[in-house]
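In what follows, a structure is listed as structure tokens, so that the remarks can point back to it.
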Amino acid sequence: MIKLFDKNIKTENRKSSKGNQLKFERDGIWYKADNMGYEGLSECIVSALIEHSTLSKDEYFRLCPIFDNGAALLSDTKMDYPLGRDVYEQIESVQAKTFSTSFEEQLEISEKLYGQNISFSFTADHASNSLSALTEYTDEERARVNEIILQMRRKYSYLFK
């Protein structure tokens, strides 16, 4: 767990889709407070798994296209996706927030315009091992995130080598 202080808060002009998310920066590394659930876990696991992709380091964890993953993996357990509910029903209720409410439609449009420019090579073991290291989170939270990741691997299997 990282201890952050008021002098590290960087919230001015940094809004999230859920409002003003507490973000901190120290020594060039950005941190996000767990405000609605397990945003920090989402950031950590997405960052760990994206290292097993065809993207180079200068293409992720920066401003667009891949920067803010805190709302990923049903991390809002306080309002939108409470723990203990059916994960698959919750996955189906998620809506994208850019030019379409459908992630599939956005992916299809992107691939039609630009081709398939990313693939992944992480395994179920990569996900499980990365999650095991995040001991600040409950077993229930980590198991749920693992289940979501495995479901997305199945759903988008063509993106995996």
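Every chain in the structure tokens takes a letter, A first, then B, and so on in the order presented; its residues are numbered from 1, and the ligands are numbered from 1 following the presented order.
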Excluding range 37-50 of chain A and residues on its chain fewer than 3 positions from it, collect all residues at most 9 Å away from it, counting only C-alpha atoms, and give them as a CSV table (one decimal) with N, CA, C and O atoms, in the first residue's frame.
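As a result, part01.csv now contains:
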chain,number,residue,atom,x,y,z
A,31,TYR,N,-1.2,7.7,-9.1
A,31,TYR,CA,-1.9,6.8,-8.2
A,31,TYR,C,-3.4,7.3,-8.2
A,31,TYR,O,-3.6,8.4,-8.3
A,32,LYS,N,-4.3,6.3,-8.0
A,32,LYS,CA,-5.7,6.7,-7.8
A,32,LYS,C,-6.2,6.1,-6.6
A,32,LYS,O,-6.0,4.9,-6.2
A,33,ALA,N,-7.0,6.9,-5.8
A,33,ALA,CA,-7.6,6.4,-4.6
A,33,ALA,C,-8.7,5.5,-4.9
A,33,ALA,O,-9.4,5.6,-5.9
A,34,ASP,N,-8.9,4.5,-4.0
A,34,ASP,CA,-10.1,3.6,-4.1
A,34,ASP,C,-11.3,4.3,-3.6
A,34,ASP,O,-11.5,4.3,-2.4
A,53,SER,N,1.2,-7.5,-24.3
A,53,SER,CA,0.5,-7.1,-25.5
A,53,SER,C,1.5,-6.7,-26.5
A,53,SER,O,2.7,-6.6,-26.2
A,54,THR,N,1.0,-6.4,-27.7
A,54,THR,CA,1.9,-6.0,-28.8
A,54,THR,C,2.2,-4.5,-28.7
A,54,THR,O,2.9,-3.9,-29.5
A,55,LEU,N,1.6,-3.8,-27.7
A,55,LEU,CA,1.9,-2.4,-27.5
A,55,LEU,C,3.3,-2.2,-26.9
A,55,LEU,O,3.7,-2.9,-26.1
A,60,TYR,N,1.2,2.9,-23.7
A,60,TYR,CA,0.2,2.7,-22.6
A,60,TYR,C,0.7,3.4,-21.3
A,60,TYR,O,1.9,3.8,-21.2
A,61,PHE,N,-0.4,3.4,-20.3
A,61,PHE,CA,-0.5,4.1,-19.0
A,61,PHE,C,-0.2,5.5,-19.1
A,61,PHE,O,0.5,6.2,-18.4
A,68,ASP,N,-6.6,5.7,-18.5
A,68,ASP,CA,-7.4,5.6,-17.2
A,68,ASP,C,-8.2,4.3,-17.2
A,68,ASP,O,-9.2,4.2,-17.9
A,69,ASN,N,-7.8,3.3,-16.5
A,69,ASN,CA,-8.5,2.1,-16.4
A,69,ASN,C,-9.1,1.8,-15.0
A,69,ASN,O,-9.5,0.7,-14.7
A,70,GLY,N,-9.3,2.9,-14.2
A,70,GLY,CA,-9.8,2.7,-12.9
A,70,GLY,C,-11.3,2.3,-12.9
A,70,GLY,O,-11.7,1.7,-11.9
A,71,ALA,N,-12.0,2.6,-13.9
A,71,ALA,CA,-13.4,2.1,-13.9
A,71,ALA,C,-13.6,0.8,-14.6
A,71,ALA,O,-14.7,0.3,-14.7
A,72,ALA,N,-12.5,0.2,-14.9
A,72,ALA,CA,-12.5,-1.1,-15.6
A,72,ALA,C,-12.9,-2.3,-14.6
A,72,ALA,O,-12.8,-2.1,-13.4
A,73,LEU,N,-13.2,-3.4,-15.2
A,73,LEU,CA,-13.4,-4.6,-14.4
A,73,LEU,C,-14.4,-4.5,-13.3
A,73,LEU,O,-14.3,-5.1,-12.2
A,74,LEU,N,-15.5,-3.8,-13.6
A,74,LEU,CA,-16.6,-3.6,-12.6
A,74,LEU,C,-16.2,-3.1,-11.3
A,74,LEU,O,-16.7,-3.5,-10.2
A,75,SER,N,-15.2,-2.2,-11.3
A,75,SER,CA,-14.6,-1.8,-10.1
A,75,SER,C,-15.5,-0.9,-9.2
A,75,SER,O,-15.2,-0.8,-8.0
A,76,ASP,N,-16.6,-0.3,-9.7
A,76,ASP,CA,-17.5,0.5,-8.9
A,76,ASP,C,-18.4,-0.4,-8.1
A,76,ASP,O,-19.5,-0.7,-8.6
A,77,THR,N,-18.0,-0.9,-7.0
A,77,THR,CA,-18.8,-1.8,-6.2
A,77,THR,C,-19.7,-1.1,-5.2
A,77,THR,O,-20.6,-1.7,-4.6
A,78,LYS,N,-19.6,0.3,-5.2
A,78,LYS,CA,-20.5,1.0,-4.3
A,78,LYS,C,-21.8,1.4,-4.9
A,78,LYS,O,-22.9,1.4,-4.3
A,79,MET,N,-21.8,1.7,-6.2
A,79,MET,CA,-23.0,2.2,-6.9
A,79,MET,C,-23.5,1.2,-8.0
A,79,MET,O,-24.6,0.7,-8.0
A,82,PRO,N,-22.3,-3.9,-7.4
A,82,PRO,CA,-22.0,-4.4,-6.1
A,82,PRO,C,-21.5,-5.8,-6.1
A,82,PRO,O,-21.9,-6.6,-7.0
A,120,PHE,N,-2.8,-9.9,-27.5
A,120,PHE,CA,-2.4,-10.1,-26.2
A,120,PHE,C,-1.8,-11.5,-26.1
A,120,PHE,O,-2.2,-12.4,-26.8
A,121,SER,N,-0.9,-11.7,-25.1
A,121,SER,CA,-0.3,-13.0,-24.9
A,121,SER,C,-0.4,-13.5,-23.4
A,121,SER,O,0.2,-14.5,-23.1
A,122,PHE,N,-1.1,-12.7,-22.6
A,122,PHE,CA,-1.2,-13.1,-21.2
A,122,PHE,C,-2.0,-14.4,-21.0
A,122,PHE,O,-3.0,-14.5,-21.8
A,126,HIS,N,-0.9,-15.7,-15.8
A,126,HIS,CA,-0.4,-14.3,-15.6
A,126,HIS,C,-1.4,-13.5,-14.8
A,126,HIS,O,-1.0,-12.8,-13.9
A,127,ALA,N,-2.7,-13.6,-15.1
A,127,ALA,CA,-3.7,-12.9,-14.4
A,127,ALA,C,-3.8,-13.3,-13.0
A,127,ALA,O,-3.8,-12.5,-12.1
A,130,SER,N,-0.7,-12.2,-11.0
A,130,SER,CA,-0.7,-10.7,-10.8
A,130,SER,C,-1.7,-10.3,-9.7
A,130,SER,O,-1.4,-9.5,-8.9
A,131,LEU,N,-2.9,-11.0,-9.7
A,131,LEU,CA,-3.9,-10.7,-8.7
A,131,LEU,C,-3.5,-11.1,-7.4
A,131,LEU,O,-3.7,-10.5,-6.4
A,134,LEU,N,-1.7,-8.6,-5.2
A,134,LEU,CA,-2.4,-7.5,-4.7
A,134,LEU,C,-3.2,-7.8,-3.4
A,134,LEU,O,-4.4,-7.8,-3.4
A,136,GLU,N,-3.8,-6.2,-0.8
A,136,GLU,CA,-4.6,-5.1,-0.1
A,136,GLU,C,-6.1,-5.3,-0.4
A,136,GLU,O,-6.9,-4.7,0.3
A,137,TYR,N,-6.4,-6.2,-1.4
A,137,TYR,CA,-7.8,-6.4,-1.8
A,137,TYR,C,-8.3,-7.7,-1.3
A,137,TYR,O,-7.5,-8.6,-1.0
A,141,GLU,N,-12.9,-9.8,-4.1
A,141,GLU,CA,-12.6,-8.8,-5.2
A,141,GLU,C,-11.6,-9.4,-6.2
A,141,GLU,O,-11.8,-9.3,-7.4
A,142,ARG,N,-10.6,-10.0,-5.7
A,142,ARG,CA,-9.6,-10.6,-6.7
A,142,ARG,C,-10.2,-11.8,-7.5
A,142,ARG,O,-9.9,-11.9,-8.7
A,145,VAL,N,-12.4,-10.2,-10.2
A,145,VAL,CA,-11.6,-9.6,-11.3
A,145,VAL,C,-11.0,-10.7,-12.1
A,145,VAL,O,-11.0,-10.6,-13.4
What's the 10 Å shell around range 94-97 of chain A, counting only C-alpha atoms, without same-chain residues fewer than 3 positions away, as a PyMOL selection string? chain A and resi 17+72-74+80-81+89-91+100-106
Output file for the selection above: N, CA, C and O atoms, as a tab-separated table (two decimals), in the first residue's frame:
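Result file is selection_7.tsv:
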chain	number	residue	atom	x	y	z
A	17	SER	N	-15.33	9.90	-15.37
A	17	SER	CA	-16.72	9.73	-15.75
A	17	SER	C	-17.62	9.63	-14.51
A	17	SER	O	-18.82	9.78	-14.59
A	72	ALA	N	-12.48	0.16	-14.93
A	72	ALA	CA	-12.52	-1.15	-15.60
A	72	ALA	C	-12.87	-2.27	-14.62
A	72	ALA	O	-12.79	-2.10	-13.41
A	73	LEU	N	-13.23	-3.38	-15.17
A	73	LEU	CA	-13.40	-4.63	-14.42
A	73	LEU	C	-14.45	-4.54	-13.31
A	73	LEU	O	-14.30	-5.11	-12.24
A	74	LEU	N	-15.52	-3.79	-13.58
A	74	LEU	CA	-16.64	-3.63	-12.65
A	74	LEU	C	-16.18	-3.11	-11.29
A	74	LEU	O	-16.67	-3.53	-10.24
A	80	ASP	N	-22.62	0.97	-9.00
A	80	ASP	CA	-23.07	0.30	-10.21
A	80	ASP	C	-22.96	-1.22	-10.20
A	80	ASP	O	-23.80	-1.90	-10.80
A	81	TYR	N	-21.93	-1.77	-9.59
A	81	TYR	CA	-21.66	-3.21	-9.69
A	81	TYR	C	-21.33	-3.82	-8.33
A	81	TYR	O	-20.20	-4.26	-8.09
A	89	GLU	N	-24.21	-11.08	-15.58
A	89	GLU	CA	-25.29	-10.10	-15.78
A	89	GLU	C	-24.74	-8.68	-15.71
A	89	GLU	O	-25.12	-7.81	-16.49
A	90	GLN	N	-23.83	-8.44	-14.78
A	90	GLN	CA	-23.24	-7.11	-14.65
A	90	GLN	C	-22.39	-6.76	-15.87
A	90	GLN	O	-22.45	-5.63	-16.35
A	91	ILE	N	-21.63	-7.73	-16.38
A	91	ILE	CA	-20.83	-7.48	-17.59
A	91	ILE	C	-21.74	-7.06	-18.74
A	91	ILE	O	-21.43	-6.12	-19.47
A	100	SER	N	-20.17	5.33	-28.83
A	100	SER	CA	-21.21	4.31	-28.87
A	100	SER	C	-21.31	3.69	-27.49
A	100	SER	O	-20.32	3.63	-26.76
A	101	THR	N	-22.48	3.20	-27.12
A	101	THR	CA	-22.61	2.52	-25.83
A	101	THR	C	-22.19	1.06	-25.90
A	101	THR	O	-22.18	0.37	-24.91
A	102	SER	N	-21.83	0.60	-27.09
A	102	SER	CA	-21.42	-0.79	-27.29
A	102	SER	C	-19.91	-0.89	-27.50
A	102	SER	O	-19.36	-0.32	-28.43
A	103	PHE	N	-19.25	-1.64	-26.62
A	103	PHE	CA	-17.82	-1.87	-26.78
A	103	PHE	C	-17.54	-2.62	-28.08
A	103	PHE	O	-16.57	-2.35	-28.77
A	104	GLU	N	-18.41	-3.58	-28.41
A	104	GLU	CA	-18.22	-4.36	-29.63
A	104	GLU	C	-18.30	-3.48	-30.87
A	104	GLU	O	-17.52	-3.62	-31.80
A	105	GLU	N	-19.26	-2.55	-30.88
A	105	GLU	CA	-19.39	-1.64	-32.01
A	105	GLU	C	-18.16	-0.74	-32.13
A	105	GLU	O	-17.65	-0.52	-33.23
A	106	GLN	N	-17.67	-0.24	-31.01
A	106	GLN	CA	-16.46	0.59	-31.05
A	106	GLN	C	-15.26	-0.20	-31.57
A	106	GLN	O	-14.49	0.30	-32.38
Quick one: pull the distance between CA of Glu92 in chain A and CA of Leu107 in chain A, Å, one decimal.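 So the answer is 16.0 Å.
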